[in-house]
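A.B. asks: To be precise about what I am sending: the file is called data-v3.txt and holds compact mmCIF, C-alpha atoms.
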```txt
# COMPACT_ATOMS: atom_id res chain seq x y z
CA MET A 271 21.86 4.90 1.57
CA THR A 272 20.76 2.31 4.10
CA GLY A 273 17.21 1.15 4.45
CA ARG A 274 14.82 -1.72 4.16
CA VAL A 275 11.57 -2.65 2.50
CA SER A 276 9.36 -5.15 4.25
CA VAL A 277 5.83 -6.45 4.19
CA SER A 278 4.57 -7.24 7.66
CA MET A 279 1.81 -9.51 8.88
CA ASN A 280 -0.60 -6.58 8.97
CA ASP A 281 -0.40 -5.82 5.26
CA ALA A 282 1.73 -2.69 5.57
CA ILE A 283 4.72 -2.00 3.36
CA LEU A 284 7.41 -0.72 5.71
CA VAL A 285 10.20 1.49 4.42
CA GLY A 286 13.03 2.19 6.80
CA TYR A 287 15.27 5.15 6.00
CA ARG A 288 17.94 6.52 8.30
CA ASP A 289 16.35 6.36 11.78
CA LYS A 290 12.69 6.51 10.70
CA THR A 291 10.14 3.95 9.52
CA TYR A 292 7.37 4.76 7.04
CA ALA A 293 4.26 2.57 6.72
CA LEU A 294 2.82 2.79 3.21
CA ASP A 295 -0.95 2.34 2.85
CA PRO A 296 -1.45 0.21 6.00
CA ARG A 297 -4.81 -1.45 6.59
CA SER A 298 -4.42 -2.06 10.32
CA PRO A 299 -2.30 -0.90 13.29
CA VAL A 300 1.41 -0.79 12.56
CA ASP A 301 4.51 0.27 14.47
CA ALA A 302 5.99 3.10 12.40
CA HIS A 303 7.07 6.71 12.83
CA TYR A 304 4.96 7.90 9.88
CA ILE A 305 1.89 6.67 8.01
CA PHE A 306 1.51 7.39 4.29
CA MET A 307 -1.90 7.14 2.61
CA SER A 308 -1.71 7.36 -1.16
CA HIS A 309 -5.38 8.06 -1.89
CA ALA A 310 -8.94 7.81 -0.55
CA HIS A 311 -10.11 4.48 -1.94
CA ILE A 312 -11.40 2.30 0.88
CA ASP A 313 -8.80 -0.43 0.33
CA HIS A 314 -6.04 2.11 0.96
CA LEU A 315 -7.48 3.82 4.03
CA TYR A 316 -6.95 3.09 7.70
CA GLY A 317 -8.99 5.04 10.24
CA GLY A 318 -6.81 4.32 13.25
CA VAL A 319 -4.19 6.98 12.44
CA THR A 320 -3.97 9.66 15.13
CA LYS A 321 -0.74 11.48 14.23
CA ASN A 322 2.15 11.75 11.77
CA LEU A 323 -0.03 11.22 8.72
CA ILE A 324 1.53 11.91 5.33
CA ALA A 325 -1.10 12.42 2.64
CA SER A 326 -2.52 15.06 0.34
CA GLU A 327 -5.09 17.52 1.67
CA GLU A 328 -7.50 16.16 -0.95
CA THR A 329 -7.11 12.59 0.28
CA VAL A 330 -7.79 13.60 3.88
CA LYS A 331 -10.88 15.60 2.95
CA LEU A 332 -12.26 12.79 0.77
CA ALA A 333 -11.49 10.19 3.46
CA ARG A 334 -13.34 12.24 6.06
CA ALA A 335 -16.32 12.47 3.72
CA ARG A 336 -16.23 8.66 3.58
CA GLY A 337 -16.37 8.38 7.37
CA PHE A 338 -12.67 8.10 8.25
CA ASP A 339 -11.63 10.31 11.17
CA LEU A 340 -8.15 11.24 10.01
CA PRO A 341 -5.87 13.90 11.50
CA ASP A 342 -4.54 16.79 9.45
CA PRO A 343 -1.56 15.70 7.34
CA ILE A 344 1.92 16.83 8.32
CA GLN A 345 4.88 18.03 6.29
CA ASN A 346 8.00 15.88 6.21
CA GLN A 347 11.10 17.41 4.64
CA GLU A 348 12.58 13.98 3.90
CA VAL A 349 9.67 12.92 1.69
CA GLU A 350 8.09 14.26 -1.51
CA LEU A 351 4.53 13.54 -2.65
CA LEU A 352 4.05 13.35 -6.42
CA ASN A 353 0.89 13.12 -8.51
CA SER A 354 0.13 9.47 -9.34
CA GLY A 355 -2.62 10.15 -11.92
CA HIS A 356 -5.00 7.65 -10.28
CA ILE A 357 -7.86 9.70 -8.75
CA VAL A 358 -8.37 13.14 -7.20
CA GLY A 359 -5.63 13.75 -4.64
CA SER A 360 -3.75 10.50 -5.26
CA LYS A 361 -0.03 10.66 -4.57
CA SER A 362 3.12 8.64 -4.94
CA PHE A 363 5.75 8.56 -2.17
CA LEU A 364 9.36 9.55 -2.83
CA ILE A 365 12.49 9.70 -0.73
CA PRO A 366 14.50 11.62 -3.34
CA ASP A 367 16.91 9.46 -5.33
CA GLU A 368 16.37 6.56 -2.97
CA VAL A 369 12.87 5.04 -2.74
CA PHE A 370 9.84 5.59 -4.98
CA TYR A 371 6.46 4.02 -4.15
CA THR A 372 3.94 4.50 -6.95
CA GLY A 373 0.76 3.82 -5.02
CA ASP A 374 -2.01 3.17 -7.53
CA MET A 375 -0.87 4.86 -10.73
CA ALA A 376 -2.10 5.74 -14.22
CA LEU A 377 0.26 7.20 -16.83
CA ARG A 378 -2.47 8.26 -19.25
CA PRO A 379 -4.23 11.60 -18.72
CA ARG A 380 -8.01 11.31 -18.43
CA ALA A 381 -10.56 14.12 -18.16
CA PHE A 382 -9.10 16.49 -15.51
CA LEU A 383 -6.43 14.02 -14.34
CA LYS A 384 -2.90 14.75 -15.50
CA ALA A 385 -0.17 12.27 -16.33
CA PRO A 386 2.39 11.85 -13.52
CA LYS A 387 6.03 12.87 -13.77
CA LEU A 388 8.35 10.04 -12.80
CA PRO A 389 11.56 10.48 -10.78
CA LYS A 390 14.74 8.42 -10.72
CA ALA A 391 15.23 6.20 -7.68
CA LYS A 392 17.42 3.32 -6.54
CA ALA A 393 14.48 1.29 -5.23
CA LEU A 394 11.03 1.17 -6.85
CA ILE A 395 7.93 -0.22 -5.16
CA ILE A 396 5.32 -0.49 -7.90
CA GLU A 397 1.69 -1.58 -7.95
CA ALA A 398 0.98 -4.45 -10.34
CA THR A 399 -2.82 -4.55 -10.47
CA TYR A 400 -2.65 -5.18 -14.23
CA GLY A 401 0.85 -6.60 -14.25
CA HIS A 402 0.08 -9.38 -16.72
CA ARG A 403 0.83 -8.84 -20.40
CA ARG A 404 -2.74 -9.66 -21.44
CA TYR A 405 -3.82 -6.30 -19.99
CA SER A 406 -3.31 -3.83 -22.81
CA PHE A 407 -5.72 -0.91 -22.79
CA PRO A 408 -6.81 1.19 -25.77
CA SER A 409 -6.39 4.95 -25.49
CA PRO A 410 -8.93 6.71 -23.23
CA ALA A 411 -9.95 8.90 -26.18
CA SER A 412 -10.89 5.87 -28.29
CA VAL A 413 -12.88 4.34 -25.42
CA VAL A 414 -14.78 7.60 -24.88
CA ALA A 415 -15.50 7.86 -28.61
CA GLU A 416 -16.86 4.31 -28.65
CA ALA A 417 -19.01 4.97 -25.57
CA ASN A 418 -20.37 8.22 -27.03
CA LYS A 419 -21.32 6.38 -30.22
CA ALA A 420 -23.16 3.75 -28.17
CA ILE A 421 -24.94 6.41 -26.09
CA SER A 422 -26.02 8.18 -29.28
CA GLU A 423 -27.49 4.94 -30.58
CA MET A 424 -29.35 4.33 -27.30
CA PHE A 425 -30.70 7.89 -27.18
CA SER A 426 -31.93 7.66 -30.77
CA ARG A 427 -34.04 4.71 -29.62
CA GLY A 428 -35.19 6.39 -26.42
CA ILE A 429 -33.19 4.03 -24.21
CA PRO A 430 -31.75 5.35 -20.90
CA VAL A 431 -28.10 4.63 -20.11
CA ILE A 432 -26.52 3.88 -16.73
CA LEU A 433 -22.78 4.67 -16.61
CA CYS A 434 -21.11 2.63 -13.87
CA GLY A 435 -17.77 3.15 -12.12
CA TYR A 436 -16.37 3.55 -8.61
CA ALA A 437 -18.23 6.29 -6.68
CA LEU A 438 -14.87 7.94 -6.00
CA GLY A 439 -12.50 8.09 -8.95
CA LYS A 440 -14.14 6.68 -12.05
CA ALA A 441 -17.50 8.37 -11.43
CA GLN A 442 -15.90 11.83 -11.48
CA VAL A 443 -14.10 11.01 -14.72
CA LEU A 444 -17.39 9.82 -16.24
CA SER A 445 -19.18 12.93 -14.98
CA TYR A 446 -16.61 15.07 -16.77
CA LEU A 447 -16.19 13.08 -19.99
CA PHE A 448 -19.89 12.69 -20.74
CA SER A 449 -21.11 16.07 -19.49
CA THR A 450 -22.36 17.11 -22.95
CA TRP A 451 -25.29 14.69 -22.71
CA SER A 452 -28.56 15.74 -21.10
CA PRO A 453 -30.22 15.08 -18.83
CA ILE A 454 -27.67 13.52 -16.49
CA PHE A 455 -28.62 12.30 -13.02
CA VAL A 456 -26.21 11.00 -10.39
CA HIS A 457 -26.66 8.44 -7.66
CA GLU A 458 -26.42 10.00 -4.20
CA SER A 459 -23.08 8.34 -3.42
CA VAL A 460 -21.63 9.75 -6.64
CA GLY A 461 -23.15 13.17 -5.99
CA LYS A 462 -21.55 13.29 -2.55
CA MET A 463 -18.08 12.58 -3.94
CA ASN A 464 -18.64 15.00 -6.84
CA GLU A 465 -19.53 17.73 -4.36
CA VAL A 466 -16.35 17.19 -2.34
CA CYS A 467 -14.24 17.11 -5.51
CA CYS A 468 -15.83 20.36 -6.70
CA SER A 469 -14.88 21.98 -3.40
CA LEU A 470 -11.29 20.90 -4.16
CA GLY A 471 -11.33 22.67 -7.51
CA VAL A 472 -12.28 19.81 -9.84
CA PRO A 473 -14.33 21.24 -12.76
CA LEU A 474 -17.50 19.16 -12.55
CA ASP A 475 -21.02 20.24 -13.49
CA SER A 476 -23.79 19.97 -10.92
CA HIS A 477 -26.36 17.27 -11.69
CA LYS A 478 -29.70 16.39 -10.15
CA SER A 479 -29.65 13.38 -7.85
CA TYR A 480 -31.37 10.14 -8.78
CA SER A 481 -33.81 10.47 -5.88
CA LYS A 482 -34.92 13.94 -6.92
CA ALA A 483 -35.23 12.90 -10.55
CA LYS A 484 -37.40 9.97 -9.48
CA ASP A 485 -39.57 12.09 -7.17
CA GLU A 486 -40.08 14.69 -9.91
CA GLY A 487 -41.08 12.05 -12.44
CA LEU A 488 -38.12 12.81 -14.69
CA LEU A 489 -37.21 9.16 -15.20
CA LYS A 490 -40.40 8.71 -17.20
CA LYS A 491 -39.11 11.24 -19.75
CA ARG A 492 -36.68 9.04 -21.60
CA PRO A 493 -33.85 8.92 -22.53
CA TRP A 494 -31.50 9.99 -19.73
CA ILE A 495 -28.12 9.14 -18.26
CA LEU A 496 -27.57 7.98 -14.69
CA ILE A 497 -24.04 7.84 -13.26
CA ALA A 498 -23.99 5.16 -10.57
CA PRO A 499 -21.38 3.26 -8.54
CA SER A 500 -20.37 -0.07 -10.01
CA SER A 501 -21.18 -1.69 -6.66
CA LEU A 502 -24.86 -1.33 -7.57
CA LEU A 503 -24.63 -3.30 -10.82
CA ARG A 504 -26.13 -6.39 -9.16
CA SER A 505 -28.56 -4.39 -7.03
CA GLY A 506 -32.33 -4.27 -7.07
CA LEU A 507 -32.14 -0.61 -8.05
CA ILE A 508 -30.34 -1.25 -11.33
CA SER A 509 -32.49 -4.30 -11.99
CA SER A 510 -35.67 -2.25 -11.54
CA LEU A 511 -34.41 0.51 -13.84
CA ARG A 512 -33.66 -2.05 -16.51
CA LYS A 513 -37.11 -3.64 -16.19
CA LYS A 514 -39.18 -0.45 -15.81
CA TYR A 515 -37.41 1.87 -18.25
CA GLY A 516 -35.41 -0.49 -20.45
CA ALA A 517 -32.17 1.09 -19.22
CA VAL A 518 -28.85 -0.43 -20.33
CA THR A 519 -25.66 -0.56 -18.28
CA PHE A 520 -22.26 0.69 -19.41
CA SER A 521 -19.44 -0.44 -17.10
CA PHE A 522 -15.98 1.15 -17.23
CA SER A 523 -13.05 -0.89 -15.92
CA GLY A 524 -9.67 -2.22 -16.93
CA TRP A 525 -11.08 -5.69 -16.26
CA ALA A 526 -13.28 -5.21 -19.35
CA VAL A 527 -10.49 -6.77 -21.42
CA ASP A 528 -11.24 -10.08 -19.67
CA LYS A 529 -13.84 -12.50 -21.04
CA TRP A 530 -15.26 -13.18 -17.57
CA PHE A 531 -16.05 -9.46 -17.18
CA ASN A 532 -17.61 -9.19 -20.63
CA GLY A 533 -19.78 -12.20 -19.88
CA MET A 534 -21.47 -10.74 -16.82
CA SER A 535 -25.22 -10.65 -17.43
CA HIS A 536 -25.72 -7.41 -15.50
CA ILE A 537 -23.27 -5.53 -17.78
CA ASP A 538 -24.65 -4.72 -21.20
CA TYR A 539 -21.68 -2.75 -22.56
CA PRO A 540 -18.19 -3.12 -21.03
CA PHE A 541 -15.58 -0.44 -21.73
CA PRO A 542 -11.83 -0.85 -20.88
CA LEU A 543 -11.27 2.52 -19.22
CA SER A 544 -8.96 2.19 -16.21
CA ASP A 545 -7.50 4.38 -13.48
CA HIS A 546 -4.42 2.13 -13.39
CA CYS A 547 -1.47 1.45 -15.66
CA ASP A 548 -1.79 -1.45 -18.04
CA TYR A 549 1.09 -3.89 -18.44
CA ASN A 550 2.98 -1.82 -21.00
CA ASP A 551 2.64 1.36 -18.95
CA LEU A 552 3.92 -0.44 -15.87
CA VAL A 553 7.02 -1.42 -17.84
CA LYS A 554 7.38 2.22 -18.92
CA VAL A 555 7.32 3.30 -15.26
CA VAL A 556 10.13 0.88 -14.41
CA LYS A 557 12.24 2.00 -17.36
CA ARG A 558 11.82 5.69 -16.54
CA VAL A 559 12.57 5.30 -12.84
CA ASP A 560 15.58 3.12 -13.74
CA PRO A 561 15.90 1.46 -10.31
CA GLU A 562 18.55 -0.89 -9.05
CA LYS A 563 15.84 -3.01 -7.41
CA VAL A 564 12.11 -3.35 -8.01
CA TYR A 565 9.48 -4.58 -5.58
CA THR A 566 6.01 -5.38 -6.94
CA VAL A 567 2.82 -5.27 -4.88
CA HIS A 568 -0.88 -5.99 -5.42
CA GLY A 569 -2.59 -7.77 -8.29
CA TYR A 570 -0.21 -9.65 -10.57
CA ALA A 571 2.82 -8.86 -8.40
CA LYS A 572 4.42 -12.28 -8.85
CA GLU A 573 3.86 -12.40 -12.60
CA PHE A 574 5.09 -8.85 -13.12
CA SER A 575 8.26 -9.41 -11.09
CA GLN A 576 8.98 -12.50 -13.20
CA ALA A 577 8.47 -10.50 -16.38
CA LEU A 578 10.80 -7.77 -15.11
CA ARG A 579 13.49 -10.32 -14.30
CA ARG A 580 13.28 -11.54 -17.88
CA LEU A 581 13.92 -7.94 -18.91
CA GLY A 582 17.05 -7.89 -16.76
CA TYR A 583 15.76 -6.17 -13.62
CA ASP A 584 16.44 -7.26 -10.06
CA ALA A 585 12.74 -7.61 -9.22
CA HIS A 586 10.86 -9.30 -6.37
CA SER A 587 7.20 -9.54 -5.44
CA LEU A 588 6.10 -8.58 -1.95
CA SER A 589 3.11 -10.59 -0.80
CA SER A 590 0.81 -9.69 2.03
CA HIS A 591 0.70 -11.83 5.17
CA GLN A 592 4.42 -12.48 5.12
CA SER A 593 7.21 -11.01 7.16
CA ASN A 594 9.77 -10.39 4.49
CA LEU A 595 12.76 -8.09 5.11
CA VAL A 596 14.59 -7.04 1.99
CA ASP A 597 17.74 -4.95 2.26
CA PHE A 598 18.81 -2.50 -0.40
CA SER A 599 21.75 -1.17 1.54
CA GLU A 600 24.97 -0.05 -0.09
```
I need this file expressed as structure tokens, please.
C.D. replies:
Amino acid sequence: MTGRVSVSMNDAILVGYRDKTYALDPRSPVDAHYIFMSHAHIDHLYGGVTKNLIASEETVKLARARGFDLPDPIQNQEVELLNSGHIVGSKSFLIPDEVFYTGDMALRPRAFLKAPKLPKAKALIIEATYGHRRYSFPSPASVVAEANKAISEMFSRGIPVILCGYALGKAQVLSYLFSTWSPIFVHESVGKMNEVCCSLGVPLDSHKSYSKAKDEGLLKKRPWILIAPSSLLRSGLISSLRKKYGAVTFSFSGWAVDKWFNGMSHIDYPFPLSDHCDYNDLVKVVKRVDPEKVYTVHGYAKEFSQALRRLGYDAHSLSSHQSNLVDFSE
């Protein structure tokens, strides 16, 4: 196999295979035959694609709902898309036996999200968001049990609870995992993504929006749960709910293992529930793929590549804003 992996000045990972070039999760214009988008989080979307888009149908539909005018995805017989376990519709990129790009990945099943199946490949390009050994997450089941216990305590005291996570991804997991509580309201941005996910077959209950609950005076009837995007944690909305109703905030993120996250004044209860692999799971991915070469991207890419070299792997970090051509030709 002949090919190349490079990171260009425009933040695109470029994979060359045979006579074609694939741009993986570009953020700006790039010269490539095909564009691959792994999922519909904003930091992985580029709205300038007009043709030759490789992505899941779910990712395209979610991206359009977020304002990105993407073309219909195409089929490419040279490439396979595999579940990455990250969010609804998220995919990994595989040129069978040759190159495997994880995209954002989570090995642990959560709610309706299944664990990914990992292929063998000669070259592995792996995300390293939590690629430092201090990131070790408890099981999702134990986190959910702890959160349910805390919600029960709050409800027994008549205290409303605000569950915070990304509007797309974590919010759907929270909507599913805590659906037994009542009443549950959802912020409009969460409700919009829930609606799209339901249309894609995700088993989510329908919940009244925050605005309707407010207009109908339902917030006065405490306690209740509101599922809101984590971007609003510092907002006037959350602040007013805390002051007026005594609401407490639960924030769900892998960063909750860090002291700086736990010390944020606008987060009352941090919970380490992540949509990414922790350090140990990242190592498991590498071992299962069993590559000849590993390229790390995002987050703790440098630290994770160093750790992999200590484990005997030929590993290198690929940093953005560099033009770095790496051959893995035989």
A.B. asks: Just checking: using only C-alpha atoms, which residue out of A:Ser505, A:Thr566, A:Ser445, A:Asn346 ends up closest to A:Tyr371?
C.D. replies: A:Thr566
A.B. asks: Hey, can you check how far atom CA of A:Val518 sits from atom CA of A:Leu474?
C.D. replies: 23.9 Å
A.B. asks: Using only C-alpha atoms, determine which residues lie at most 10 Å from A:Phe363, disregarding the query and same-chain residues fewer than 5 positions distant; provide the list as a VMD selection string.
C.D. replies: chain A and resid 294 306 to 308 324 to 325 349 to 354 369 to 373 395
A.B. asks: Excluding A:Gly439 and any residue of its chain fewer than 4 positions from it, enumerate the residues within 9 Å of it, using only C-alpha atoms, and give them as number ranges by chain.
C.D. replies: A: 311, 356-358, 435, 443-444, 463, 545
A.B. asks: Kindly indicate which residue among A:Val567, A:Ala398, A:Met534, A:Leu447 lies nearest to A:Cys547, using all atoms listed in the file for the distances.
C.D. replies: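 Closest candidate: A:Ala398.
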A.B. asks: Measuring between all atoms listed in the file, which one of A:Lys331, A:Arg427, A:Lys554, A:Lys321 shows the shortest distance to A:Gln345?
C.D. replies: A:Lys321
A.B. asks: In Å, how far is it from atom CA of A:Ser298 to atom CA of A:Leu315?
C.D. replies: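 Separation between atom CA of A:Ser298 and atom CA of A:Leu315: 9.1 Å.
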A.B. asks: With distances taken over all atoms listed in the file, which residue among A:Glu465, A:Glu348, A:Asp342, A:Asp528 lies nearest A:Ser406?
C.D. replies: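 For A:Ser406, the nearest of the given residues is A:Asp528.
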A.B. asks: Could you list, as a list in words, every residue within 9 Å of A:Arg336, counting only C-alpha atoms and ignoring same-chain residues fewer than 2 positions away?
C.D. replies: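 Returned residues: Ala310, Ile312, Lys331, Leu332, Ala333, Arg334, Phe338 and Met463 of chain A.
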A.B. asks: Rounded to one decimal in Å, what is the spacing between atom CA of A:Pro410 and atom CA of A:Leu470?
C.D. replies: 23.9 Å
A.B. asks: Which residue, A:His303, A:Lys290, A:His309, A:Arg404, has the smallest gap to A:Asn550 when you use all atoms listed in the file?
C.D. replies: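 Among A:His303, A:Lys290, A:His309, A:Arg404, it is A:Arg404 that comes nearest to A:Asn550.
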A.B. asks: Quick one: residues within 6 Å of A:Ile305, only C-alpha atoms, excluding same-chain residues fewer than 4 positions away - as a ChimeraX atom specification?
C.D. replies: /A:292-293,323-324
A.B. asks: Of the candidates A:Tyr304, A:Tyr515, A:Tyr480, A:Phe425, which one gets nearest to A:Asp289 if we count all atoms listed in the file?
C.D. replies: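 Smallest separation from A:Asp289 among the options: A:Tyr304.
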A.B. asks: Skip A:His586 itself and residues of its chain fewer than 6 positions away, then list as a PyMOL selection string all residues within 7 Å of it, counting only C-alpha atoms.
C.D. replies: chain A and resi 564-566+575
A.B. asks: Taking (-34.9, 10.1, -26.1) in the file's own coordinates, collect the residues within 9 Å, counting only C-alpha atoms, and hand them back as a PyMOL selection string.
C.D. replies: chain A and resi 424-430+491-494
